[in-house]
Each structure stands twice: as C-alpha cells, then as structure tokens.
Amino acid sequence: MVKRIILFGVFPALIIALGVWYYVFVYSKNHHRDVMNEKAIQVTSVQIVKGFQASENTANSQYLNKALEITGQVAEVKKDQAGNTTVTLKSDDPFVFVLCTLKKQTAVNSGQTVKIKGICTGFLSDVVINDAYVVEE
Amino acid sequence: MKSKILSLLVLSGMILSAHAQKIYATRTGQVFFNASGGMEKIAAVNNQVESKMLDKTGQIVFSLLVKGFHFDNQLMEDHFNENYMESSKYPKAEFKGYLKNLNAIDISKDGRYNIQVSGQMMIHGVTQKLESEGILIVANGKIEIKGSFKINIKDFGINGLYIGDKIAKTATVDLDCKYE
C-alpha cells in the first residue's frame with residue numbers, strides 16, 4: 001500500500017512540481033518571445049502612423065502586442081542608451097516616426113527602404129516597435 | 001550699411017531668443033523598475049522612455065509604454081503586463097511636472113546640479129502627486145537627468161496576488177535620460 005502511494009501519489013506530484021519549477025524559473029528565463037517565426041501583420045510606416053493619429057484606441061486594439069512587419073523608409077539609425085540599434089522610419093507627418101529597437105545589430109542606411117519585423121508596444125510621439133529584426137528580402 | 005546693421009541686429013536677436021528657450025528631448029531614455037520582495041529578483045528595464053524639458057520654465061515630461069519593460073523572465077513579464085499593470089487597457093505611464101529649483105541650475109555651465117522635481121505621476125490610469133530629487137549633469141553642452149524614487153504600488157490601484165509578499169509593496173524606479 002505504502003509502495004503504491006509513493007508510486008502513484010508522491011512520485012507524480014514530485015515530477016509535476018519539478019516541471020512547474022523548471023517552467024517558471026528556468027525555461028521562462030531562457031525563452032523570450034521571438035517574433036522571427038511568428039506570423040506578422042503587414043503594414044507600412046505611413047499607414048500605421050495614420051492609424052494611431054486617427055484613433056489611438058482603435059490602433060491599439062489592432063496592433064498592440066502583435067507581431068508586425070513594417071515597410072518604410074529609414075530616417076535615421078542610432079544607438080540607444082543601452083547600446084541597442086534603433087531605426088526610425090518615416091511617415092507622411094514630418095514630426096512622427098516609427099521607432100524600432102533592433103534585437104541584434106544590423107547594417108541599415110538612412111534613406112533605404114526596409115522591412116522591419118517586431119512587436120508593437122504602443123504610441124508616444126512615435127509608434128514604438130520592440131524586439132525587432134530587419135527582414136531580408 | 002544701415003540695413004546690414006539692422007539685419008545683423010535682427011539675426012542676433014533671433015539667435016538670442018532661440019537660445020533663451022530650448023527644448024531638450026530624448027526618445028531613448030531609460031527607466032529601471034525593481035519590486036523584488038523575496039528571494040526572486042523582480043526587475044525590468046525600459047529603453048524607449050520619451051522625455052522633454054524646457055530650460056526656461058523647467059517644465060519636464062517623461063512618458064513610457066508599459067509593454068516596453070523587459071524582464072529577464074518572460075513569465076514574469078507576462079504577469080506584470082496582464083495581472084498587475086493591465087497594459088492592454090493602460091498602455092502608458094507618464095510624469096508631468098517641473099524643476100522647482102531652476103535658479104540653482106546653469107545649463108550653460110558644465111557640472112552636476114541637484115534638482116527637485118514636483119508633478120503628477122500617472123500609472124495604471126491613476127494620477128498621484130509626486131515629489132522627488134535627482135541630479136542634472138551638464139557635460140559638453142549635453143544634459144543628462146538621473147533620478148530615483150519609490151512608489152507605493154497600491155496607490156495606483158494595482159492589485160495582484162503577491163503584492164506585499166513576493167512582490168514588494170513599494171517599487172523603486174530609477175531613471176536615466178540623456179537629452180539631445
């Protein structure tokens with residue numbers, strides 16, 4: 001009887017506990033969301049800025065936290081304070097851009113038209129895209 | 001000759017007035033968040049903090065997107081967004097205020113100045129008064145502002161299971177903005 005309790009009660013409980021611990025503290029630390037293989041919404045930098053300017057709420061429900069593939073012309077390439085490469089894409093409005101922070105350094109030149117895949121975190125002065133990749137055509 | 005002098009005067013006047021009020025801005029400032037309560041580290045960084053400062057009036061604004069906070073642990077990041085900050089409903093956090101001791105700062109001179117900031121902080125759709133101290137560093141004409149303050153999580157209507165236990169009741173927020 002005791003053997004049975006250990007075999008069918010304690011042992012599976014231990015396995016489950018170990019699994020939960022592994023998922024919470026080990027797996028989640030080493031596996032971050034990566035949009036590389038996610039299906040993305042296709043949009044241009046002009047369209048997305050227009051969308052957020054027309055209605056921030058509607059655009060948020062459309063784009064927030066989603067994987068996007070944004071096509072646009074590069075206004076400037078810079079480094080942020082943490083050393084990440086940032087690429088700003090032009091829109092029709094000379095004061096509003098799409099600010100993309102790249103996950104890894106990629107050579108991009110201003111004036112070039114690129115496609116950038118990343119996660120939309122919302123709209124401040126610019127539309128902000130995080131964890132982004134430059135998509136090779 | 002007269003017209004030349006006149007245009008020179010107008011030009012210098014324009015330069016002076018342009019110098020009189022300047023907007024310092026950044027879109028890639030940093031905010032560090034720490035709410036470690038127990039053994040587990042609960043800390044995140046946001047690298048896309050927007051800030052604007054007017055040197056003449058001392059008005060200052062910081063804004064950020066909550067979904068831009070990065071945790072080491074993806075599960076923690078998901079819980080932070082979904083269960084605590086409800087970042088789909090409240091995507092932004094913002095501070096609007098002013099530098100109280102503007103007289104003590106000379107932006108045209110390199111140095112470190114202690115600053116006192118006062119204003120309104122909006123997090124999770126709730127606005128609270130906030131007073132804080134920080135430092136303003138001027139180096140080669142560039143400005144950097146650093147600050148650190150504590151916020152009582154429940155003051156902002158954030159209710160979650162582990163606050164006061166695994167998550168500290170008060171979170172520490174550190175800020176570092178290098179202006180252009």
# chains A, B, ... in the order shown; residues from 1 in each chain; ligands from 1
>>> interface_residues(of="chain A", to="chain B", cutoff="9 Å", atoms="only C-alpha atoms", output="VMD selection string")
chain A and resid 23 to 33 60 to 61 64 to 65 79 to 82 84 86 99 101 120 to 126 128 to 130
>>> write_last_selection(atoms="N, CA, C and O atoms", output="short mmCIF file (atom, residue, chain, number, x, y, z; two decimals), in the first residue's frame")
data_model
loop_
_atom_site.label_atom_id
_atom_site.label_comp_id
_atom_site.auth_asym_id
_atom_site.auth_seq_id
_atom_site.Cartn_x
_atom_site.Cartn_y
_atom_site.Cartn_z
N TYR A 23 9.62 25.19 -15.55
CA TYR A 23 8.96 26.11 -16.47
C TYR A 23 9.06 27.55 -15.98
O TYR A 23 9.38 28.46 -16.74
N VAL A 24 8.78 27.75 -14.68
CA VAL A 24 8.73 29.11 -14.12
C VAL A 24 10.12 29.74 -14.03
O VAL A 24 10.32 30.88 -14.41
N PHE A 25 11.08 29.00 -13.50
CA PHE A 25 12.37 29.61 -13.20
C PHE A 25 13.49 29.36 -14.22
O PHE A 25 14.42 30.13 -14.30
N VAL A 26 13.39 28.29 -14.98
CA VAL A 26 14.47 28.02 -15.92
C VAL A 26 14.05 28.31 -17.36
O VAL A 26 14.63 29.15 -18.04
N TYR A 27 12.96 27.66 -17.78
CA TYR A 27 12.51 27.81 -19.17
C TYR A 27 12.18 29.26 -19.49
O TYR A 27 12.61 29.81 -20.51
N SER A 28 11.42 29.93 -18.60
CA SER A 28 10.96 31.30 -18.86
C SER A 28 12.09 32.31 -18.84
O SER A 28 11.96 33.41 -19.36
N LYS A 29 13.19 31.95 -18.20
CA LYS A 29 14.32 32.85 -18.16
C LYS A 29 15.09 32.78 -19.48
O LYS A 29 15.68 33.76 -19.91
N ASN A 30 15.07 31.61 -20.09
CA ASN A 30 15.87 31.43 -21.30
C ASN A 30 15.07 31.49 -22.59
O ASN A 30 15.61 31.44 -23.67
N HIS A 31 13.73 31.55 -22.47
CA HIS A 31 12.90 31.60 -23.67
C HIS A 31 12.06 32.85 -23.68
O HIS A 31 11.03 32.93 -23.02
N HIS A 32 12.52 33.84 -24.42
CA HIS A 32 11.76 35.07 -24.56
C HIS A 32 10.97 35.02 -25.87
O HIS A 32 11.33 34.30 -26.78
N ARG A 33 9.90 35.83 -25.88
CA ARG A 33 9.10 35.87 -27.09
C ARG A 33 10.00 36.31 -28.25
O ARG A 33 10.76 37.26 -28.12
N ASN A 60 -4.56 50.72 -31.14
CA ASN A 60 -4.05 49.86 -30.07
C ASN A 60 -4.67 48.47 -30.15
O ASN A 60 -3.98 47.46 -30.02
N SER A 61 -6.00 48.41 -30.36
CA SER A 61 -6.64 47.10 -30.42
C SER A 61 -6.20 46.33 -31.66
O SER A 61 -6.22 45.11 -31.69
N LEU A 64 -1.42 46.57 -30.84
CA LEU A 64 -0.70 46.43 -29.57
C LEU A 64 -0.33 44.98 -29.27
O LEU A 64 -1.21 44.10 -29.32
N ASN A 65 0.94 44.77 -28.95
CA ASN A 65 1.46 43.45 -28.58
C ASN A 65 1.45 42.44 -29.72
O ASN A 65 1.71 41.26 -29.52
N LYS A 79 22.03 54.59 -31.79
CA LYS A 79 22.17 53.64 -30.67
C LYS A 79 21.39 54.21 -29.50
O LYS A 79 21.42 55.42 -29.27
N ASP A 80 20.70 53.36 -28.75
CA ASP A 80 20.03 53.88 -27.55
C ASP A 80 21.02 53.81 -26.38
O ASP A 80 22.17 53.40 -26.54
N GLN A 81 20.57 54.20 -25.19
CA GLN A 81 21.48 54.28 -24.04
C GLN A 81 21.99 52.91 -23.60
O GLN A 81 23.01 52.81 -22.94
N ALA A 82 21.25 51.86 -23.97
CA ALA A 82 21.68 50.52 -23.60
C ALA A 82 22.58 49.92 -24.68
O ALA A 82 23.05 48.79 -24.54
N ASN A 84 21.61 49.34 -27.87
CA ASN A 84 20.85 48.69 -28.94
C ASN A 84 20.75 49.62 -30.15
O ASN A 84 20.72 50.84 -30.00
N THR A 86 18.75 51.47 -32.95
CA THR A 86 17.39 51.90 -33.21
C THR A 86 17.29 52.43 -34.65
O THR A 86 18.19 53.10 -35.13
N LEU A 99 9.57 54.19 -34.33
CA LEU A 99 10.85 53.95 -33.67
C LEU A 99 10.99 52.45 -33.38
O LEU A 99 10.26 51.89 -32.58
N THR A 101 13.41 49.32 -32.12
CA THR A 101 14.63 48.91 -31.42
C THR A 101 14.96 47.49 -31.86
O THR A 101 14.15 46.58 -31.69
N CYS A 120 4.67 45.61 -31.51
CA CYS A 120 4.24 46.98 -31.28
C CYS A 120 3.89 47.17 -29.80
O CYS A 120 3.08 46.44 -29.25
N THR A 121 4.54 48.16 -29.14
CA THR A 121 4.23 48.40 -27.72
C THR A 121 3.34 49.63 -27.53
O THR A 121 2.93 49.90 -26.42
N GLY A 122 3.06 50.37 -28.61
CA GLY A 122 2.13 51.49 -28.48
C GLY A 122 2.60 52.76 -29.16
O GLY A 122 3.47 52.73 -30.03
N PHE A 123 2.04 53.87 -28.72
CA PHE A 123 2.24 55.16 -29.38
C PHE A 123 2.54 56.26 -28.36
O PHE A 123 1.74 56.51 -27.46
N LEU A 124 3.72 56.88 -28.48
CA LEU A 124 4.02 58.07 -27.68
C LEU A 124 4.05 59.22 -28.69
O LEU A 124 3.03 59.50 -29.29
N SER A 125 5.22 59.87 -28.91
CA SER A 125 5.33 60.80 -30.03
C SER A 125 5.46 60.02 -31.33
O SER A 125 5.11 60.49 -32.40
N ASP A 126 6.02 58.83 -31.19
CA ASP A 126 6.19 57.92 -32.32
C ASP A 126 5.49 56.61 -32.02
O ASP A 126 5.18 56.31 -30.88
N VAL A 128 5.99 52.86 -31.38
CA VAL A 128 7.17 52.18 -30.85
C VAL A 128 7.12 50.67 -31.14
O VAL A 128 6.12 50.02 -30.87
N ILE A 129 8.22 50.17 -31.72
CA ILE A 129 8.35 48.75 -32.06
C ILE A 129 9.56 48.19 -31.31
O ILE A 129 10.63 48.78 -31.30
N ASN A 130 9.35 47.03 -30.68
CA ASN A 130 10.37 46.43 -29.84
C ASN A 130 10.81 45.07 -30.37
O ASN A 130 10.08 44.45 -31.14
#
>>> residues_around(residues="stretch 105-115 of chain A", least_positions_apart="2", cutoff="9 Å", atoms="only C-alpha atoms", output="ChimeraX atom specification")
/A:44,69-77,84-85,87-89,102-103,117,133-137
>>> residues_around(residues="A:Val49", least_positions_apart="3", cutoff="10 Å", atoms="only C-alpha atoms", output="short mmCIF file (atom, residue, chain, number, x, y, z; two decimals) with N, CA, C and O atoms, in the first residue's frame")
data_model
loop_
_atom_site.label_atom_id
_atom_site.label_comp_id
_atom_site.auth_asym_id
_atom_site.auth_seq_id
_atom_site.Cartn_x
_atom_site.Cartn_y
_atom_site.Cartn_z
N THR A 44 2.57 49.50 -43.68
CA THR A 44 3.65 50.43 -43.99
C THR A 44 3.75 51.43 -42.84
O THR A 44 2.80 51.62 -42.08
N SER A 45 4.91 52.08 -42.71
CA SER A 45 5.11 53.05 -41.63
C SER A 45 4.13 54.22 -41.79
O SER A 45 3.67 54.79 -40.81
N VAL A 46 3.80 54.56 -43.04
CA VAL A 46 2.85 55.65 -43.29
C VAL A 46 1.46 55.26 -42.77
O VAL A 46 0.82 56.02 -42.03
N PHE A 52 -2.67 55.39 -35.88
CA PHE A 52 -2.56 55.86 -34.50
C PHE A 52 -3.01 57.31 -34.35
O PHE A 52 -3.58 57.69 -33.34
N GLN A 53 -2.79 58.11 -35.39
CA GLN A 53 -3.21 59.51 -35.33
C GLN A 53 -4.73 59.64 -35.44
O GLN A 53 -5.33 60.50 -34.81
N ALA A 54 -5.34 58.76 -36.22
CA ALA A 54 -6.79 58.82 -36.39
C ALA A 54 -7.50 58.40 -35.11
O ALA A 54 -8.40 59.07 -34.63
N GLU A 56 -6.20 56.39 -31.45
CA GLU A 56 -5.20 55.61 -30.73
C GLU A 56 -5.82 54.32 -30.19
O GLU A 56 -5.18 53.27 -30.21
N ALA A 59 -6.29 51.79 -33.04
CA ALA A 59 -4.98 51.30 -33.47
C ALA A 59 -4.37 50.38 -32.42
O ALA A 59 -3.75 49.37 -32.75
N LYS A 90 10.25 56.79 -41.59
CA LYS A 90 9.48 57.99 -41.90
C LYS A 90 8.01 57.68 -42.07
O LYS A 90 7.63 56.58 -42.47
N SER A 91 7.18 58.71 -41.80
CA SER A 91 5.76 58.61 -42.14
C SER A 91 5.43 59.82 -43.02
O SER A 91 6.33 60.51 -43.47
N ASP A 92 4.16 60.09 -43.24
CA ASP A 92 3.78 61.28 -44.01
C ASP A 92 3.92 62.54 -43.18
O ASP A 92 4.00 63.64 -43.71
N ASP A 93 3.88 62.38 -41.85
CA ASP A 93 4.00 63.51 -40.94
C ASP A 93 5.47 63.70 -40.57
O ASP A 93 6.10 62.79 -40.03
N VAL A 96 6.39 62.79 -36.87
CA VAL A 96 6.07 61.49 -36.28
C VAL A 96 6.75 60.36 -37.05
O VAL A 96 6.73 60.33 -38.28
N PHE A 97 7.35 59.44 -36.29
CA PHE A 97 8.10 58.34 -36.89
C PHE A 97 7.66 57.00 -36.31
O PHE A 97 6.82 56.96 -35.41
N VAL A 98 8.24 55.93 -36.85
CA VAL A 98 8.10 54.62 -36.22
C VAL A 98 9.48 54.30 -35.66
O VAL A 98 10.45 54.21 -36.40
N PHE A 123 2.04 53.87 -28.72
CA PHE A 123 2.24 55.16 -29.38
C PHE A 123 2.54 56.26 -28.36
O PHE A 123 1.74 56.51 -27.46
N ASP A 126 6.02 58.83 -31.19
CA ASP A 126 6.19 57.92 -32.32
C ASP A 126 5.49 56.61 -32.02
O ASP A 126 5.18 56.31 -30.88
N VAL A 127 5.28 55.80 -33.07
CA VAL A 127 4.84 54.43 -32.86
C VAL A 127 6.09 53.65 -32.44
O VAL A 127 7.15 53.80 -33.05
#
>>> closest_residue(among="B:Ser118, B:Asn83, B:Ser36, B:Gln21", to="B:Ile158", atoms="only C-alpha atoms")
B:Asn83
>>> residues_around(residues="B:Ala168", least_positions_apart="3", cutoff="9 Å", atoms="only C-alpha atoms", output="list in words")
Asn34, Ala35, Ser36, Gly37, Gly38, Ile153, Tyr162, Ile163, Gly164, Asp165 and Ala171 of chain B
>>> residues_around(residues="B:Lys150", least_positions_apart="3", cutoff="12 Å", atoms="only C-alpha atoms", output="list in words")
Phe32, Phe33, Asn34, Ala35, Met121, Leu130, Glu131, Ser132, Glu133, Gly147, Ile153, Asp155, Ala168, Lys169, Thr170, Ala171, Thr172, Val173, Asp174 and Leu175 of chain B
>>> residues_around(residues="B:Lys22", least_positions_apart="4", cutoff="9 Å", atoms="only C-alpha atoms", output="count of residues only")
5
>>> select_by_dssp(residues="stretch 42-151 of chain B", states="alpha helix (DSSP H)", output="list in words")
Gln74, Leu75, Met76, Glu77, Asp78 and His79 of chain B
>>> write_last_selection(atoms="N, CA, C and O atoms", output="short mmCIF file (atom, residue, chain, number, x, y, z; two decimals), in the first residue's frame")
data_model
loop_
_atom_site.label_atom_id
_atom_site.label_comp_id
_atom_site.auth_asym_id
_atom_site.auth_seq_id
_atom_site.Cartn_x
_atom_site.Cartn_y
_atom_site.Cartn_z
N GLN B 74 10.48 35.76 -18.96
CA GLN B 74 9.33 36.06 -19.83
C GLN B 74 7.99 35.89 -19.10
O GLN B 74 7.07 36.68 -19.28
N LEU B 75 7.91 34.89 -18.24
CA LEU B 75 6.67 34.63 -17.50
C LEU B 75 6.36 35.81 -16.56
O LEU B 75 5.21 36.24 -16.44
N MET B 76 7.41 36.33 -15.94
CA MET B 76 7.26 37.49 -15.05
C MET B 76 6.77 38.69 -15.85
O MET B 76 5.90 39.43 -15.41
N GLU B 77 7.34 38.86 -17.04
CA GLU B 77 6.95 39.97 -17.92
C GLU B 77 5.47 39.84 -18.31
O GLU B 77 4.73 40.83 -18.29
N ASP B 78 5.04 38.63 -18.62
CA ASP B 78 3.63 38.41 -18.98
C ASP B 78 2.71 38.73 -17.80
O ASP B 78 1.68 39.37 -17.97
N HIS B 79 3.08 38.26 -16.60
CA HIS B 79 2.26 38.53 -15.41
C HIS B 79 2.22 40.01 -15.10
O HIS B 79 1.17 40.54 -14.75
#
>>> residues_around(residues="A:Leu68", least_positions_apart="2", cutoff="9 Å", atoms="only C-alpha atoms", output="short mmCIF file (atom, residue, chain, number, x, y, z; two decimals) with N, CA and C atoms, in the first residue's frame")
data_model
loop_
_atom_site.label_atom_id
_atom_site.label_comp_id
_atom_site.auth_asym_id
_atom_site.auth_seq_id
_atom_site.Cartn_x
_atom_site.Cartn_y
_atom_site.Cartn_z
N VAL A 35 9.74 37.08 -32.39
CA VAL A 35 8.80 37.23 -33.50
C VAL A 35 9.33 36.65 -34.81
N LYS A 39 3.69 34.77 -37.34
CA LYS A 39 3.01 35.33 -38.49
C LYS A 39 2.75 36.80 -38.16
N ALA A 40 3.09 37.69 -39.09
CA ALA A 40 3.01 39.12 -38.78
C ALA A 40 1.98 39.84 -39.64
N ILE A 41 1.46 40.93 -39.09
CA ILE A 41 0.55 41.80 -39.83
C ILE A 41 1.41 42.70 -40.72
N GLN A 42 1.07 42.78 -42.01
CA GLN A 42 1.81 43.61 -42.95
C GLN A 42 1.26 45.03 -42.94
N VAL A 43 2.15 46.01 -42.79
CA VAL A 43 1.70 47.40 -42.75
C VAL A 43 2.87 48.30 -43.18
N TYR A 63 -3.02 46.74 -33.20
CA TYR A 63 -1.59 46.49 -33.29
C TYR A 63 -0.88 46.14 -31.99
N LYS A 66 1.14 42.89 -30.95
CA LYS A 66 1.09 41.99 -32.10
C LYS A 66 2.44 42.02 -32.83
N ILE A 70 6.72 45.95 -40.82
CA ILE A 70 6.52 47.32 -41.25
C ILE A 70 7.50 47.70 -42.35
N ILE A 116 10.79 45.83 -41.42
CA ILE A 116 11.20 45.50 -40.06
C ILE A 116 10.09 44.74 -39.36
N LYS A 117 10.49 43.62 -38.72
CA LYS A 117 9.52 42.79 -38.02
C LYS A 117 9.74 42.92 -36.52
N GLY A 118 8.67 43.24 -35.79
CA GLY A 118 8.81 43.39 -34.34
C GLY A 118 7.46 43.46 -33.65
N ILE A 119 7.52 43.72 -32.33
CA ILE A 119 6.29 43.79 -31.53
C ILE A 119 5.94 45.25 -31.29
N CYS A 120 4.67 45.61 -31.51
CA CYS A 120 4.24 46.98 -31.28
C CYS A 120 3.89 47.17 -29.80
N ILE A 129 8.22 50.17 -31.72
CA ILE A 129 8.35 48.75 -32.06
C ILE A 129 9.56 48.19 -31.31
#
>>> select_by_dssp(residues="stretch 24-86 of chain A", states="strand (DSSP E)", output="JSON, numbers by chain")
{"A": [41, 42, 43, 44, 67, 68, 69, 70, 71, 72, 73, 74, 75, 76, 77, 78, 79, 85, 86]}
>>> write_last_selection(atoms="N, CA, C and O atoms", output="tab-separated table (two decimals), in the first residue's frame")
chain	number	residue	atom	x	y	z
A	41	ILE	N	1.46	40.93	-39.09
A	41	ILE	CA	0.55	41.80	-39.83
A	41	ILE	C	1.41	42.70	-40.72
A	41	ILE	O	2.37	43.30	-40.25
A	42	GLN	N	1.07	42.78	-42.01
A	42	GLN	CA	1.81	43.61	-42.95
A	42	GLN	C	1.26	45.03	-42.94
A	42	GLN	O	0.06	45.22	-43.07
A	43	VAL	N	2.15	46.01	-42.79
A	43	VAL	CA	1.70	47.40	-42.75
A	43	VAL	C	2.87	48.30	-43.18
A	43	VAL	O	4.03	47.90	-43.06
A	44	THR	N	2.57	49.50	-43.68
A	44	THR	CA	3.65	50.43	-43.99
A	44	THR	C	3.75	51.43	-42.84
A	44	THR	O	2.80	51.62	-42.08
A	67	ALA	N	2.70	40.95	-33.55
A	67	ALA	CA	3.87	40.92	-34.42
A	67	ALA	C	3.52	41.67	-35.70
A	67	ALA	O	2.50	41.39	-36.32
A	68	LEU	N	4.35	42.64	-36.07
A	68	LEU	CA	4.10	43.43	-37.26
A	68	LEU	C	5.29	43.37	-38.20
A	68	LEU	O	6.43	43.24	-37.76
A	69	GLU	N	5.01	43.48	-39.49
A	69	GLU	CA	6.08	43.64	-40.47
A	69	GLU	C	5.85	44.99	-41.13
A	69	GLU	O	4.89	45.16	-41.87
A	70	ILE	N	6.72	45.95	-40.82
A	70	ILE	CA	6.52	47.32	-41.25
A	70	ILE	C	7.50	47.70	-42.35
A	70	ILE	O	8.72	47.56	-42.18
A	71	THR	N	6.96	48.18	-43.45
A	71	THR	CA	7.80	48.64	-44.55
A	71	THR	C	7.87	50.16	-44.51
A	71	THR	O	6.84	50.82	-44.37
A	72	GLY	N	9.06	50.70	-44.60
A	72	GLY	CA	9.19	52.15	-44.58
A	72	GLY	C	10.58	52.61	-44.94
A	72	GLY	O	11.52	51.80	-45.02
A	73	GLN	N	10.71	53.92	-45.12
A	73	GLN	CA	12.00	54.50	-45.46
A	73	GLN	C	12.72	54.92	-44.18
A	73	GLN	O	12.12	55.54	-43.29
A	74	VAL	N	13.99	54.58	-44.10
A	74	VAL	CA	14.77	54.87	-42.89
A	74	VAL	C	15.10	56.36	-42.80
A	74	VAL	O	15.66	56.93	-43.74
A	75	ALA	N	14.74	56.97	-41.67
A	75	ALA	CA	15.07	58.37	-41.43
A	75	ALA	C	16.44	58.47	-40.77
A	75	ALA	O	17.27	59.27	-41.17
A	76	GLU	N	16.65	57.66	-39.74
A	76	GLU	CA	17.97	57.65	-39.10
A	76	GLU	C	18.22	56.34	-38.36
A	76	GLU	O	17.28	55.64	-37.99
A	77	VAL	N	19.50	56.06	-38.18
A	77	VAL	CA	19.92	54.87	-37.44
A	77	VAL	C	20.78	55.35	-36.28
A	77	VAL	O	21.69	56.14	-36.47
A	78	LYS	N	20.45	54.89	-35.08
A	78	LYS	CA	21.17	55.37	-33.89
A	78	LYS	C	21.38	54.23	-32.90
A	78	LYS	O	20.94	53.11	-33.12
A	79	LYS	N	22.03	54.59	-31.79
A	79	LYS	CA	22.17	53.64	-30.67
A	79	LYS	C	21.39	54.21	-29.50
A	79	LYS	O	21.42	55.42	-29.27
A	85	THR	N	20.67	49.02	-31.34
A	85	THR	CA	20.50	49.81	-32.55
A	85	THR	C	19.02	50.18	-32.69
A	85	THR	O	18.14	49.34	-32.53
A	86	THR	N	18.75	51.47	-32.95
A	86	THR	CA	17.39	51.90	-33.21
A	86	THR	C	17.29	52.43	-34.65
A	86	THR	O	18.19	53.10	-35.13
